[in-house]
Structures are given as structure tokens and as C-alpha cells.
$ cat data00.txt   # compact mmCIF, C-alpha atoms and all ligand atoms
# COMPACT_ATOMS: atom_id res chain seq x y z
CA MET A 25 66.97 128.18 49.85
CA ALA A 26 66.34 131.20 52.08
CA LYS A 27 67.51 129.20 55.10
CA ILE A 28 71.05 129.28 53.70
CA GLY A 29 72.69 132.48 54.91
CA ALA A 30 69.46 133.53 56.65
CA THR A 31 69.75 136.78 58.64
CA PRO A 32 67.80 137.50 61.85
CA ALA A 33 65.68 140.19 60.20
CA GLY A 34 64.34 137.82 57.52
CA GLY A 35 66.82 138.37 54.71
CA VAL A 36 69.80 136.41 53.44
CA GLN A 37 73.52 137.04 53.25
CA ARG A 38 74.91 134.75 50.59
CA LEU A 39 77.79 136.59 48.99
CA THR A 40 79.22 135.00 45.90
CA LEU A 41 81.83 132.22 46.31
CA THR A 42 81.45 132.11 50.11
CA ASP A 43 80.59 128.97 52.11
CA GLU A 44 76.93 130.02 52.00
CA ASP A 45 77.06 130.27 48.20
CA LYS A 46 78.57 126.76 48.12
CA GLN A 47 75.77 125.37 50.33
CA ALA A 48 73.14 127.00 48.12
CA ARG A 49 74.80 125.56 45.00
CA ASP A 50 74.92 122.08 46.58
CA LEU A 51 71.20 122.28 47.30
CA PHE A 52 70.43 123.55 43.81
CA LEU A 53 72.40 120.64 42.30
CA LYS A 54 70.49 118.17 44.47
CA TRP A 55 67.23 119.55 43.10
CA LEU A 56 68.52 119.43 39.51
CA ARG A 57 69.51 115.75 39.94
CA GLN A 58 65.97 114.88 41.05
CA LEU A 59 64.77 115.99 37.61
CA ASP A 60 67.35 113.88 35.73
CA LEU A 61 68.79 116.98 34.12
CA GLU A 62 72.13 116.96 32.34
CA ILE A 63 74.28 119.02 34.68
CA LYS A 64 77.18 121.13 33.50
CA ILE A 65 79.40 123.45 35.54
CA ASP A 66 81.64 125.78 33.59
CA GLU A 67 84.98 127.39 34.40
CA MET A 68 83.19 130.49 35.80
CA GLY A 69 81.14 128.31 38.15
CA ASN A 70 77.92 128.86 36.19
CA ILE A 71 75.61 125.88 36.73
CA PHE A 72 73.45 124.59 33.87
CA GLY A 73 70.79 121.87 33.95
CA GLY A 74 69.66 120.66 30.53
CA ARG A 75 66.44 118.82 29.67
CA ALA A 76 66.44 117.12 26.28
CA GLY A 77 63.94 118.05 23.59
CA ASN A 78 62.56 115.96 20.73
CA ASN A 79 65.14 117.54 18.46
CA ASN A 80 68.41 118.25 20.21
CA ASP A 81 69.94 119.76 17.10
CA LEU A 82 67.74 122.77 17.74
CA SER A 83 69.17 125.51 19.99
CA PRO A 84 67.78 125.44 23.54
CA VAL A 85 65.53 127.79 25.44
CA MET A 86 67.32 129.07 28.55
CA SER A 87 65.91 130.42 31.80
CA GLY A 88 67.50 131.35 35.12
CA SER A 89 69.04 134.03 37.30
CA HIS A 90 71.36 134.00 40.33
CA ILE A 91 71.41 132.73 43.93
CA ASP A 92 74.12 135.01 45.32
CA SER A 93 72.90 137.98 47.35
CA GLN A 94 73.87 141.41 48.57
CA PRO A 95 75.26 141.76 52.09
CA LYS A 96 72.10 141.64 54.24
CA GLY A 97 70.06 141.23 51.07
CA GLY A 98 66.64 139.79 50.42
CA ARG A 99 65.34 136.25 49.82
CA PHE A 100 63.83 136.97 46.41
CA ASP A 101 66.39 138.89 44.35
CA GLY A 102 67.74 136.42 41.79
CA THR A 103 66.66 133.36 43.73
CA LEU A 104 63.05 133.76 42.57
CA GLY A 105 64.19 133.43 38.95
CA VAL A 106 66.21 130.29 39.68
CA MET A 107 63.46 128.72 41.80
CA GLY A 108 60.81 129.78 39.27
CA SER A 109 62.74 128.09 36.46
CA LEU A 110 63.15 124.99 38.64
CA GLU A 111 59.40 124.96 39.32
CA VAL A 112 58.75 125.20 35.57
CA LEU A 113 61.04 122.22 34.92
CA ARG A 114 59.41 120.24 37.75
CA THR A 115 55.97 120.94 36.28
CA ILE A 116 57.10 119.84 32.83
CA HIS A 117 58.81 116.76 34.30
CA GLU A 118 55.88 115.67 36.50
CA ASN A 119 53.42 116.07 33.63
CA ASN A 120 55.63 114.19 31.17
CA ILE A 121 55.54 117.08 28.73
CA SER A 122 57.92 116.88 25.80
CA THR A 123 59.16 119.90 23.90
CA GLU A 124 60.76 120.25 20.49
CA ARG A 125 63.76 122.18 21.78
CA PRO A 126 65.91 121.41 24.82
CA ILE A 127 65.38 123.60 27.90
CA VAL A 128 68.28 124.77 30.06
CA ILE A 129 68.07 126.19 33.57
CA VAL A 130 71.00 128.36 34.69
CA ASP A 131 72.43 129.80 37.90
CA TRP A 132 74.91 132.56 37.01
CA THR A 133 77.88 133.14 39.33
CA ASN A 134 78.37 136.54 40.98
CA GLU A 135 75.49 138.55 39.62
CA GLU A 136 75.58 141.01 42.51
CA GLY A 137 79.17 142.20 42.22
CA SER A 138 79.17 143.27 45.85
CA ARG A 139 82.06 140.99 46.83
CA PHE A 140 83.85 141.00 43.46
CA ALA A 141 83.07 144.00 41.21
CA PRO A 142 81.70 144.34 38.60
CA PRO A 143 78.25 142.75 38.72
CA MET A 144 76.98 140.13 36.21
CA VAL A 145 80.58 139.12 35.60
CA ALA A 146 79.99 135.43 34.81
CA SER A 147 77.17 135.95 32.32
CA GLY A 148 79.43 138.68 30.90
CA VAL A 149 82.24 136.17 30.34
CA TRP A 150 79.88 133.46 29.06
CA SER A 151 78.34 135.82 26.51
CA GLY A 152 81.79 136.91 25.32
CA ALA A 153 81.56 140.51 26.54
CA LEU A 154 84.16 140.13 29.33
CA ASP A 155 87.51 138.37 29.49
CA ARG A 156 87.74 135.22 31.64
CA ASP A 157 91.21 135.84 33.04
CA TRP A 158 90.37 139.44 33.86
CA ALA A 159 87.35 138.14 35.80
CA TYR A 160 89.52 135.51 37.55
CA ASN A 161 91.80 138.25 38.87
CA ARG A 162 89.08 140.41 40.46
CA THR A 163 89.77 140.67 44.19
CA ASP A 164 87.53 141.18 47.21
CA LEU A 165 88.24 143.59 50.09
CA ASN A 166 90.53 140.99 51.70
CA GLY A 167 92.59 140.64 48.54
CA LYS A 168 91.20 137.18 47.74
CA ARG A 169 91.01 136.42 44.04
CA PHE A 170 87.79 135.35 42.32
CA VAL A 171 89.40 132.25 40.81
CA ASP A 172 90.93 131.09 44.10
CA GLU A 173 87.60 131.35 45.86
CA LEU A 174 85.89 129.55 43.00
CA VAL A 175 88.37 126.66 43.38
CA ARG A 176 88.08 126.74 47.18
CA ILE A 177 84.30 126.12 47.15
CA GLY A 178 84.75 123.40 44.53
CA TYR A 179 82.83 125.03 41.72
CA LYS A 180 85.47 125.73 39.09
CA GLY A 181 84.07 123.44 36.44
CA THR A 182 85.72 122.20 33.30
CA ALA A 183 83.22 123.26 30.64
CA PRO A 184 84.39 126.37 28.79
CA ALA A 185 82.47 129.52 29.75
CA ARG A 186 81.61 130.22 26.16
CA LYS A 187 78.30 131.15 24.58
CA GLN A 188 76.30 128.70 22.55
CA GLN A 189 73.35 129.47 20.36
CA ILE A 190 70.26 130.18 22.47
CA HIS A 191 66.80 130.30 20.92
CA ALA A 192 65.30 132.44 23.69
CA TYR A 193 66.42 133.55 27.17
CA TYR A 194 63.89 134.30 29.91
CA GLU A 195 64.74 135.81 33.29
CA TYR A 196 62.10 135.92 35.97
CA HIS A 197 62.84 138.49 38.71
CA ILE A 198 61.31 140.71 41.32
CA GLU A 199 60.75 144.26 40.14
CA GLN A 200 62.90 145.83 42.93
CA GLY A 201 60.92 149.06 42.57
CA PRO A 202 57.46 150.42 43.45
CA ILE A 203 55.78 150.76 40.05
CA LEU A 204 53.84 147.48 39.70
CA GLU A 205 52.44 147.82 43.21
CA ARG A 206 51.51 151.46 42.62
CA GLU A 207 49.78 150.65 39.32
CA GLY A 208 48.00 147.61 40.77
CA LYS A 209 49.62 145.21 38.27
CA ILE A 210 50.96 141.71 38.86
CA ILE A 211 53.20 141.07 35.84
CA GLY A 212 55.74 143.52 34.45
CA ALA A 213 57.42 143.04 31.08
CA PRO A 214 60.40 145.38 30.86
CA LYS A 215 60.97 146.62 27.31
CA GLY A 216 64.64 146.75 28.22
CA ILE A 217 67.30 147.78 30.71
CA VAL A 218 68.40 151.38 31.18
CA CYS A 219 71.94 152.53 30.47
CA ILE A 220 74.23 152.71 33.48
CA HIS A 221 77.17 155.09 33.97
CA TRP A 222 79.50 154.61 36.94
CA CYS A 223 82.15 157.13 37.94
CA ASP A 224 84.55 157.34 40.86
CA ILE A 225 85.51 160.74 42.21
CA TYR A 226 88.67 161.37 44.23
CA LEU A 227 89.13 164.69 46.01
CA GLU A 228 92.10 166.10 47.84
CA GLY A 229 92.02 168.74 50.52
CA GLU A 230 94.35 169.96 53.24
CA ALA A 231 94.24 168.32 56.66
CA ASN A 232 94.58 170.49 59.74
CA GLN A 233 93.53 170.80 63.35
CA VAL A 234 89.87 171.85 63.33
CA GLY A 235 90.11 174.20 66.33
CA PRO A 236 92.88 176.66 65.54
CA THR A 237 92.32 176.68 61.75
CA PRO A 238 90.05 179.60 60.73
CA MET A 239 87.17 178.92 58.33
CA GLU A 240 88.59 181.09 55.58
CA GLY A 241 91.30 179.48 53.50
CA ARG A 242 90.36 175.91 54.35
CA HIS A 243 90.52 173.17 51.70
CA ASP A 244 87.91 170.79 53.08
CA ALA A 245 87.53 167.80 50.75
CA LEU A 246 84.36 166.61 52.47
CA CYS A 247 82.62 169.97 52.01
CA ALA A 248 83.53 169.85 48.31
CA ALA A 249 82.06 166.34 48.13
CA ALA A 250 78.92 167.46 49.95
CA GLU A 251 78.25 170.16 47.35
CA MET A 252 78.92 167.71 44.52
CA ILE A 253 76.61 165.04 45.95
CA LEU A 254 73.72 167.50 46.00
CA LYS A 255 74.45 168.40 42.36
CA VAL A 256 74.09 164.70 41.51
CA ASN A 257 70.82 164.52 43.41
CA GLU A 258 69.46 167.57 41.56
CA LEU A 259 70.61 166.32 38.16
CA PRO A 260 67.52 164.34 37.02
CA ALA A 261 65.16 167.24 37.75
CA LYS A 262 67.52 169.63 35.98
CA MET A 263 67.93 167.46 32.87
CA GLY A 264 64.31 166.34 32.59
CA GLY A 265 63.32 163.05 31.01
CA ASN A 266 63.68 159.60 32.47
CA MET A 267 66.73 159.47 34.73
CA VAL A 268 67.96 158.62 38.21
CA ALA A 269 71.30 159.68 39.71
CA THR A 270 72.80 158.49 42.97
CA VAL A 271 75.84 158.75 45.20
CA GLY A 272 75.75 155.55 47.24
CA GLU A 273 79.28 155.14 48.50
CA ILE A 274 81.68 157.52 50.19
CA GLU A 275 84.98 157.29 52.06
CA ASN A 276 86.26 160.19 54.08
CA TYR A 277 89.84 160.46 55.39
CA PRO A 278 91.15 160.52 57.99
CA ASN A 279 87.54 160.49 59.23
CA SER A 280 88.25 162.12 62.55
CA ARG A 281 86.17 164.83 64.24
CA ASN A 282 89.40 166.64 65.04
CA ILE A 283 90.82 166.87 61.54
CA ILE A 284 89.73 168.74 58.40
CA PRO A 285 89.18 166.00 55.80
CA ASP A 286 91.97 165.86 53.22
CA LYS A 287 90.79 162.98 51.07
CA VAL A 288 87.37 161.83 49.89
CA HIS A 289 86.28 159.17 47.44
CA PHE A 290 82.69 158.80 46.30
CA THR A 291 80.80 157.06 43.52
CA VAL A 292 78.29 158.37 40.99
CA ASP A 293 75.63 156.19 39.35
CA ILE A 294 73.52 157.66 36.52
CA ARG A 295 70.80 155.60 34.78
CA SER A 296 68.43 156.42 31.95
CA TRP A 297 66.63 154.80 29.02
CA ASP A 298 68.17 157.60 26.94
CA ASP A 299 71.95 157.10 26.50
CA ASP A 300 72.48 160.63 25.16
CA LEU A 301 70.61 162.20 28.04
CA ALA A 302 72.75 160.27 30.53
CA LEU A 303 75.91 161.37 28.73
CA ARG A 304 74.81 165.00 28.62
CA ALA A 305 73.91 164.80 32.31
CA TRP A 306 77.32 163.41 33.14
CA GLU A 307 79.05 166.18 31.14
CA ASP A 308 76.89 168.74 32.93
CA VAL A 309 77.61 167.51 36.44
CA ARG A 310 81.27 167.05 35.61
CA LYS A 311 81.53 170.80 34.90
CA ASP A 312 79.89 171.49 38.26
CA PHE A 313 82.36 169.16 39.96
CA GLU A 314 85.31 170.94 38.40
CA ALA A 315 83.95 174.36 39.35
CA ILE A 316 83.35 173.28 42.96
CA ALA A 317 86.80 171.68 43.18
CA ALA A 318 88.41 174.88 41.87
CA LYS A 319 86.40 177.13 44.19
CA ARG A 320 87.38 175.09 47.26
CA GLY A 321 90.95 174.49 46.17
CA CYS A 322 90.48 170.72 46.27
CA PRO A 323 92.10 168.95 43.29
CA ILE A 324 89.76 166.42 41.71
CA ARG A 325 90.42 163.18 39.86
CA ILE A 326 87.57 161.56 37.93
CA GLU A 327 87.52 157.94 36.82
CA GLU A 328 84.85 156.66 34.47
CA THR A 329 84.57 153.17 35.89
CA TRP A 330 81.87 151.37 33.96
CA ARG A 331 79.35 152.15 31.24
CA VAL A 332 76.69 150.06 29.57
CA GLU A 333 74.28 151.36 26.97
CA HIS A 334 70.53 150.89 27.30
CA ALA A 335 69.44 147.49 26.06
CA PRO A 336 66.05 146.97 24.44
CA PHE A 337 64.81 143.39 24.85
CA ASP A 338 63.43 141.27 22.01
CA ARG A 339 60.10 142.83 21.02
CA LYS A 340 58.47 139.53 20.13
CA LEU A 341 59.36 137.95 23.48
CA VAL A 342 58.30 141.03 25.46
CA ARG A 343 54.97 140.93 23.59
CA ARG A 344 54.67 137.24 24.45
CA VAL A 345 55.12 137.92 28.18
CA LEU A 346 52.38 140.56 28.05
CA ASP A 347 50.04 138.36 25.99
CA THR A 348 50.62 135.35 28.23
CA ALA A 349 49.86 137.43 31.31
CA GLU A 350 46.62 138.57 29.70
CA GLU A 351 45.60 135.02 28.74
CA LEU A 352 46.20 133.90 32.32
CA GLY A 353 44.19 136.83 33.67
CA TYR A 354 47.02 138.75 35.32
CA PRO A 355 47.03 142.55 34.95
CA SER A 356 50.31 143.51 33.31
CA LEU A 357 52.47 146.49 32.46
CA CYS A 358 55.14 147.21 29.86
CA MET A 359 57.85 149.06 31.76
CA LEU A 360 61.62 149.58 32.17
CA SER A 361 64.19 147.78 34.25
CA GLY A 362 66.16 150.25 36.34
CA ALA A 363 68.48 147.51 37.59
CA GLY A 364 71.09 145.55 35.66
CA HIS A 365 70.54 141.79 35.30
CA ASP A 366 72.29 138.83 33.70
CA ALA A 367 69.63 139.33 31.02
CA SER A 368 71.59 142.44 29.92
CA TYR A 369 74.49 140.31 28.68
CA MET A 370 72.24 137.51 27.39
CA ASN A 371 70.33 140.13 25.42
CA GLN A 372 73.52 140.80 23.43
CA ILE A 373 73.60 137.25 22.08
CA ALA A 374 70.03 135.91 22.17
CA PRO A 375 66.39 137.04 22.01
CA THR A 376 65.73 137.94 25.65
CA ALA A 377 62.82 138.97 27.87
CA MET A 378 62.23 139.38 31.59
CA ILE A 379 59.19 138.80 33.76
CA PHE A 380 58.76 141.07 36.79
CA VAL A 381 56.50 140.61 39.81
CA PRO A 382 55.81 143.30 42.44
CA SER A 383 58.18 144.02 45.32
CA ILE A 384 56.17 144.86 48.43
CA GLY A 385 56.76 148.53 49.22
CA GLY A 386 59.20 148.62 46.30
CA ARG A 387 61.97 147.45 48.66
CA SER A 388 64.94 145.39 47.47
CA HIS A 389 68.59 144.70 48.40
CA VAL A 390 67.35 144.84 52.01
CA GLU A 391 66.30 142.16 54.47
CA VAL A 392 62.59 143.12 54.34
CA GLU A 393 62.51 142.48 50.57
CA ASN A 394 59.28 140.57 49.98
CA THR A 395 56.82 139.47 47.30
CA ARG A 396 53.36 137.90 47.80
CA TRP A 397 53.36 134.15 47.15
CA GLU A 398 50.37 134.53 44.79
CA ASP A 399 52.44 136.93 42.71
CA CYS A 400 55.41 134.54 42.73
CA GLU A 401 53.08 131.86 41.40
CA ALA A 402 51.69 134.19 38.72
CA GLY A 403 55.18 135.01 37.49
CA ALA A 404 56.15 131.34 37.39
CA ASN A 405 53.00 130.57 35.38
CA VAL A 406 53.87 133.23 32.82
CA LEU A 407 57.41 131.85 32.70
CA LEU A 408 56.11 128.29 32.15
CA HIS A 409 53.92 129.27 29.22
CA GLY A 410 56.58 131.53 27.71
CA ILE A 411 59.17 128.74 27.88
CA LEU A 412 56.77 126.14 26.46
CA GLN A 413 55.88 128.37 23.51
CA SER A 414 59.52 129.13 22.72
CA ALA A 415 60.55 125.50 23.20
CA ASN A 416 57.97 124.30 20.68
CA GLU A 417 58.94 126.77 17.96
CA ALA A 418 60.54 125.29 14.90
ZN ZN A 501 69.06 140.06 40.85
$ encode --input "data00.txt" --output "C-alpha cells"
Amino acid sequence: MAKIGATPAGGVQRLTLTDEDKQARDLFLKWLRQLDLEIKIDEMGNIFGGRAGNNNDLSPVMSGSHIDSQPKGGRFDGTLGVMGSLEVLRTIHENNISTERPIVIVDWTNEEGSRFAPPMVASGVWSGALDRDWAYNRTDLNGKRFVDELVRIGYKGTAPARKQQIHAYYEYHIEQGPILEREGKIIGAPKGIVCIHWCDIYLEGEANQVGPTPMEGRHDALCAAAEMILKVNELPAKMGGNMVATVGEIENYPNSRNIIPDKVHFTVDIRSWDDDLALRAWEDVRKDFEAIAAKRGCPIRIEETWRVEHAPFDRKLVRRVLDTAEELGYPSLCMLSGAGHDASYMNQIAPTAMIFVPSIGGRSHVEVENTRWEDCEAGANVLLHGILQSANEA
């Protein structure tokens, strides 16, 4: 799979609904057909492969993730969960194991959200949290619509993107952080996903020739942004508790060394397990922003773009991941997920758990993203036993 969209530095670039995404989907479908799975593609392009159980009136156990990537992303993010689920189904198939409940493998469309914002849009529609037509009309930087690109690559299916009853949802994923490696653990069971607050900040200044314009009386939008960005960076230490805060994107206009910047846009991302703390932090930094804007005479416009509350996973399933790891002899850790996943939306409609394995050096969303093969195997083993247990529950 990593050969599709491979980058010279060892990563992949497989943005959603591009030709590379189509090739990866074609390959995934080929593998699903080898296991005689019942294949279904829905109107969001989500791909499902179903394996019958002894009693198909029982709701299925579902497992999967995504095969789209970030621009110059890594080979493991998302793909490990899809390949791990495929490996589980192959193992069950080759050993002629039957289960009471059906098992469904899934590849969710556009988890990353880097071509079409927001992320996790297709699991969001499937779970009923987001509107299908709204998702269809998302556009990329070239003004291309989600739905047109979905049709173009031939993956706008006919099945409705609508939730069905799911007995348990597992998502196997790389940790994308440094904690498992630091603690010397192999399996992580996140107790849930942190809350995420996204804001967009627009500043206005006054453009002028940089040479003849004295320093006093300037309205430099980039200097205002610079002060604000540091306030965001200082926020977690100031607020205490479990929190991260980041400015990851900035546009400066006209972006010329000869002109005082008169327009800046930047983003703010605040995450915490504690929703109230994140809200209080946002209110706090917002006051700082307004004070800085006033001091520098740069009018500010603030847009609260996206907000999800923290999501605790199903306690029984989280416990099962930890117990299974212990039975198989893998050191494990109950932790948090600092990243959003399709599991966030699935968690709203079904008992959900995730299985994490270490990211070497804690690096992710970069080409050097890597995980030891032994650890990949360990995670897939935990996934296998978790799925089998859930699939044999009455
Ligand atoms: Zn992912």
C-alpha cells in the first residue's frame, strides 16, 4: 500500500479523492475480494467488507480506519488500522474460524481533512453527526467539490451513508506521539479522545513603505499576530492541567519585505481532556488577543471554526484491550488520544475502543513516520482477539 503515492523520503502522499487514493482503494478492494467479503461502497465513498457470522440478525463488529494521508505524510497513519483489520480477517478466513456476529472492515473516506476540511467527514456523515450535502459541497484549494472528485475517481457508491447498529467498533492506529516509547510500552489503550477547539483569527493593519514609515504609529498586523501566537504557546503552562495549544497555519499579506503587513490570518488549536479548562483557556487568550489588537490598532475578527467535546471510549472495551495485551504478554498503558480519529464519531453511536502502538521518536504526519514491525504485529494480535471476543458475544 505504501508504494501508492510513495515519496522519495519514505513517506506517502495520498490525499483523499486523488488518483493515488483511487489506486489505493482499487488495491484494497482486490484484497477484500480475495477473502470473499460482501463489499459495499456508500454514497460518501466509504468502503465496507462484510464477513457473515453464524447469526446475521446480530449487529456486526466493525474495525477499520483510513488510507488517505496528509501531504507528505507517513505510511502508517490510518493505513495500519486498515491493514491490521485486513490481516485479522485473513487470519480468521485462513483458519476457517466462524463467529456468532458478522465482522465488517471499513475504510473511511477523507479522515485527514487536509484536502477537504474538516477531517473525519465521512464517518461524521455515516454516524449522523454531519450532513451529507454539506460534505458534498466542501471544496479544495482549487475550488473542486468533494462530490465531483468522488464521482471522478469512481467511488460514489449507491448505499446510503447511514449508520446501522454496531455491536463494537475497534480502531487500530499508531500513537502519533512519544508516550508509549518513553514509557517502554507496546500497546496503548486510549480512555478517550481530547476535546478540540479550532479558531481562525483575522487581523487588519495598515500597509506602508517600510523605509520612510517611522516605527511609532505603525499598525503592523504581523507583529500583532506574533504577540498573539506566543500567548497561545504560553497558554497550557498558564492554565495548568492537561492541555496543548498550537498555531500551525498563518498567512501574511502582502508578504513582501518592502511593505508593512496589513492582513494576517492564523489558526488556533486547543486540546484538552477537560472541556471546561479548554473553554476557560480560550476565553483567557481571547482577552489577550483583543488587548493586543487594541494596543496595536489592528482590528481583529475571530471565528470559532470547529469544536468537539472530549469523548470517553467504552470502558468495557478499553478494559478488554488492556486485558488482551496483558494476556498476550505486551506491556500496555491506559492513556489519552491527542489526535482526532474516525473513532470519535463512531464512539457517538457504538461502543468504541482504540489500540495504539508506538510511533518511533513520536513522529507522525511526516515522511519519517515509522513503527517497528514487531509492534505492528502486537497491535494486530490485540485487535484479532478483541474482535473475536466481541464477535462471539451474544
Ligand atoms: Zn489517522
$ residues_near_ligand --input "data00.txt" --ligand "ligand ZN 501 (chain A)" --cutoff "9 Å" --atoms "all atoms listed in the file" --output "list in words"
Ser89, His90, Ile91, Asp92, Ser93, Phe100, Asp101, Gly102, Thr103, Leu104, Gly105, Glu135, Glu136, His197, Ile198, Gln200, Ala363, Gly364, His365, Asp366 and His389 of chain A
$ closest_atom_pairs --input "data00.txt" --of "region 310-404 of chain A" --to "region 232-252 of chain A" --cutoff "6 Å" --atoms "all atoms listed in the file" --output "tab-separated table"
residue	atom	partner	partner_atom	distance
A:Phe313	CA	A:Met252	CA	5.9
A:Arg320	CA	A:His243	CA	5.8
A:Gly321	CA	A:His243	CA	5.7
A:Cys322	CA	A:His243	CA	6.0
$ atom_distance --input "data00.txt" --atom1 "CA of Leu39 (chain A)" --atom2 "CA of Gln94 (chain A)"
6.2 Å
$ atom_distance --input "data00.txt" --atom1 "CA of Pro95 (chain A)" --atom2 "CA of Gly272 (chain A)"
14.6 Å
$ residues_around --input "data00.txt" --residues "Val85 (chain A)" --least-positions-apart "5" --cutoff "8 Å" --atoms "all atoms listed in the file" --output "PyMOL selection string"
chain A and resi 125-128+190-193+411+414-415
$ closest_residue --input "data00.txt" --among "A:Ser87, A:Gln37, A:Thr115, A:Thr133" --to "Met68 (chain A)" --atoms "only C-alpha atoms"
A:Thr133
$ atom_distance --input "data00.txt" --atom1 "CA of Val112 (chain A)" --atom2 "CA of Lys27 (chain A)"
21.8 Å
$ closest_residue --input "data00.txt" --among "A:Gly77, A:Gly212, A:Gly88, A:Gly98" --to "Ala33 (chain A)" --atoms "only C-alpha atoms"
A:Gly98
$ decode --input "data00.txt" --residues "region 268-289 of chain A" --atoms "N, CA, C and O atoms" --output "PDB file, in the first residue's frame"
ATOM      1  N   VAL A 268      -2.818  21.140  25.315  1.00  0.00           N
ATOM      2  CA  VAL A 268      -1.855  21.626  24.335  1.00  0.00           C
ATOM      3  C   VAL A 268      -2.538  22.711  23.503  1.00  0.00           C
ATOM      4  O   VAL A 268      -3.752  22.682  23.305  1.00  0.00           O
ATOM      5  N   ALA A 269      -1.742  23.680  23.041  1.00  0.00           N
ATOM      6  CA  ALA A 269      -2.295  24.779  22.244  1.00  0.00           C
ATOM      7  C   ALA A 269      -1.290  25.143  21.158  1.00  0.00           C
ATOM      8  O   ALA A 269      -0.099  25.264  21.436  1.00  0.00           O
ATOM      9  N   THR A 270      -1.795  25.293  19.942  1.00  0.00           N
ATOM     10  CA  THR A 270      -0.894  25.421  18.791  1.00  0.00           C
ATOM     11  C   THR A 270      -1.428  26.402  17.750  1.00  0.00           C
ATOM     12  O   THR A 270      -2.620  26.406  17.457  1.00  0.00           O
ATOM     13  N   VAL A 271      -0.518  27.192  17.194  1.00  0.00           N
ATOM     14  CA  VAL A 271      -0.808  27.922  15.957  1.00  0.00           C
ATOM     15  C   VAL A 271       0.001  27.232  14.868  1.00  0.00           C
ATOM     16  O   VAL A 271       1.228  27.234  14.912  1.00  0.00           O
ATOM     17  N   GLY A 272      -0.689  26.611  13.912  1.00  0.00           N
ATOM     18  CA  GLY A 272       0.022  25.819  12.913  1.00  0.00           C
ATOM     19  C   GLY A 272      -0.042  26.392  11.512  1.00  0.00           C
ATOM     20  O   GLY A 272       0.643  25.931  10.612  1.00  0.00           O
ATOM     21  N   GLU A 273      -0.870  27.412  11.330  1.00  0.00           N
ATOM     22  CA  GLU A 273      -1.091  27.918   9.980  1.00  0.00           C
ATOM     23  C   GLU A 273      -1.170  29.432  10.032  1.00  0.00           C
ATOM     24  O   GLU A 273      -1.810  29.989  10.918  1.00  0.00           O
ATOM     25  N   ILE A 274      -0.476  30.076   9.118  1.00  0.00           N
ATOM     26  CA  ILE A 274      -0.509  31.544   9.078  1.00  0.00           C
ATOM     27  C   ILE A 274      -0.383  32.045   7.643  1.00  0.00           C
ATOM     28  O   ILE A 274       0.335  31.454   6.840  1.00  0.00           O
ATOM     29  N   GLU A 275      -1.146  33.072   7.308  1.00  0.00           N
ATOM     30  CA  GLU A 275      -0.973  33.759   6.030  1.00  0.00           C
ATOM     31  C   GLU A 275      -0.764  35.236   6.304  1.00  0.00           C
ATOM     32  O   GLU A 275      -1.491  35.845   7.082  1.00  0.00           O
ATOM     33  N   ASN A 276       0.259  35.757   5.664  1.00  0.00           N
ATOM     34  CA  ASN A 276       0.630  37.153   5.854  1.00  0.00           C
ATOM     35  C   ASN A 276       0.512  37.877   4.520  1.00  0.00           C
ATOM     36  O   ASN A 276       0.945  37.360   3.495  1.00  0.00           O
ATOM     37  N   TYR A 277      -0.114  39.072   4.526  1.00  0.00           N
ATOM     38  CA  TYR A 277      -0.301  39.812   3.269  1.00  0.00           C
ATOM     39  C   TYR A 277       0.265  41.213   3.392  1.00  0.00           C
ATOM     40  O   TYR A 277       0.173  41.790   4.472  1.00  0.00           O
ATOM     41  N   PRO A 278       0.780  41.823   2.352  1.00  0.00           N
ATOM     42  CA  PRO A 278       1.011  41.174   1.047  1.00  0.00           C
ATOM     43  C   PRO A 278       2.244  40.274   1.041  1.00  0.00           C
ATOM     44  O   PRO A 278       2.574  39.732   0.007  1.00  0.00           O
ATOM     45  N   ASN A 279       2.863  40.060   2.167  1.00  0.00           N
ATOM     46  CA  ASN A 279       4.020  39.167   2.282  1.00  0.00           C
ATOM     47  C   ASN A 279       5.186  39.644   1.418  1.00  0.00           C
ATOM     48  O   ASN A 279       5.740  38.895   0.627  1.00  0.00           O
ATOM     49  N   SER A 280       5.519  40.888   1.631  1.00  0.00           N
ATOM     50  CA  SER A 280       6.640  41.492   0.897  1.00  0.00           C
ATOM     51  C   SER A 280       7.582  42.132   1.910  1.00  0.00           C
ATOM     52  O   SER A 280       7.130  42.762   2.868  1.00  0.00           O
ATOM     53  N   ARG A 281       8.886  42.009   1.693  1.00  0.00           N
ATOM     54  CA  ARG A 281       9.834  42.606   2.644  1.00  0.00           C
ATOM     55  C   ARG A 281       9.781  44.124   2.638  1.00  0.00           C
ATOM     56  O   ARG A 281      10.301  44.770   3.529  1.00  0.00           O
ATOM     57  N   ASN A 282       9.141  44.673   1.624  1.00  0.00           N
ATOM     58  CA  ASN A 282       9.095  46.133   1.464  1.00  0.00           C
ATOM     59  C   ASN A 282       7.840  46.778   2.016  1.00  0.00           C
ATOM     60  O   ASN A 282       7.681  47.985   1.915  1.00  0.00           O
ATOM     61  N   ILE A 283       6.921  45.951   2.509  1.00  0.00           N
ATOM     62  CA  ILE A 283       5.612  46.510   2.887  1.00  0.00           C
ATOM     63  C   ILE A 283       5.226  46.066   4.306  1.00  0.00           C
ATOM     64  O   ILE A 283       5.337  44.884   4.640  1.00  0.00           O
ATOM     65  N   ILE A 284       4.768  46.996   5.117  1.00  0.00           N
ATOM     66  CA  ILE A 284       4.254  46.657   6.448  1.00  0.00           C
ATOM     67  C   ILE A 284       2.993  45.802   6.262  1.00  0.00           C
ATOM     68  O   ILE A 284       2.084  46.201   5.531  1.00  0.00           O
ATOM     69  N   PRO A 285       2.949  44.629   6.885  1.00  0.00           N
ATOM     70  CA  PRO A 285       1.817  43.717   6.666  1.00  0.00           C
ATOM     71  C   PRO A 285       0.492  44.337   7.109  1.00  0.00           C
ATOM     72  O   PRO A 285       0.391  44.888   8.200  1.00  0.00           O
ATOM     73  N   ASP A 286      -0.525  44.240   6.226  1.00  0.00           N
ATOM     74  CA  ASP A 286      -1.819  44.837   6.574  1.00  0.00           C
ATOM     75  C   ASP A 286      -2.908  43.794   6.761  1.00  0.00           C
ATOM     76  O   ASP A 286      -4.061  44.143   7.015  1.00  0.00           O
ATOM     77  N   LYS A 287      -2.554  42.519   6.615  1.00  0.00           N
ATOM     78  CA  LYS A 287      -3.574  41.490   6.785  1.00  0.00           C
ATOM     79  C   LYS A 287      -2.896  40.193   7.194  1.00  0.00           C
ATOM     80  O   LYS A 287      -1.929  39.768   6.559  1.00  0.00           O
ATOM     81  N   VAL A 288      -3.402  39.576   8.260  1.00  0.00           N
ATOM     82  CA  VAL A 288      -2.862  38.279   8.685  1.00  0.00           C
ATOM     83  C   VAL A 288      -4.015  37.378   9.093  1.00  0.00           C
ATOM     84  O   VAL A 288      -4.978  37.824   9.722  1.00  0.00           O
ATOM     85  N   HIS A 289      -3.910  36.137   8.676  1.00  0.00           N
ATOM     86  CA  HIS A 289      -4.845  35.107   9.152  1.00  0.00           C
ATOM     87  C   HIS A 289      -4.032  34.009   9.807  1.00  0.00           C
ATOM     88  O   HIS A 289      -3.005  33.598   9.285  1.00  0.00           O
TER      89      HIS A 289
END
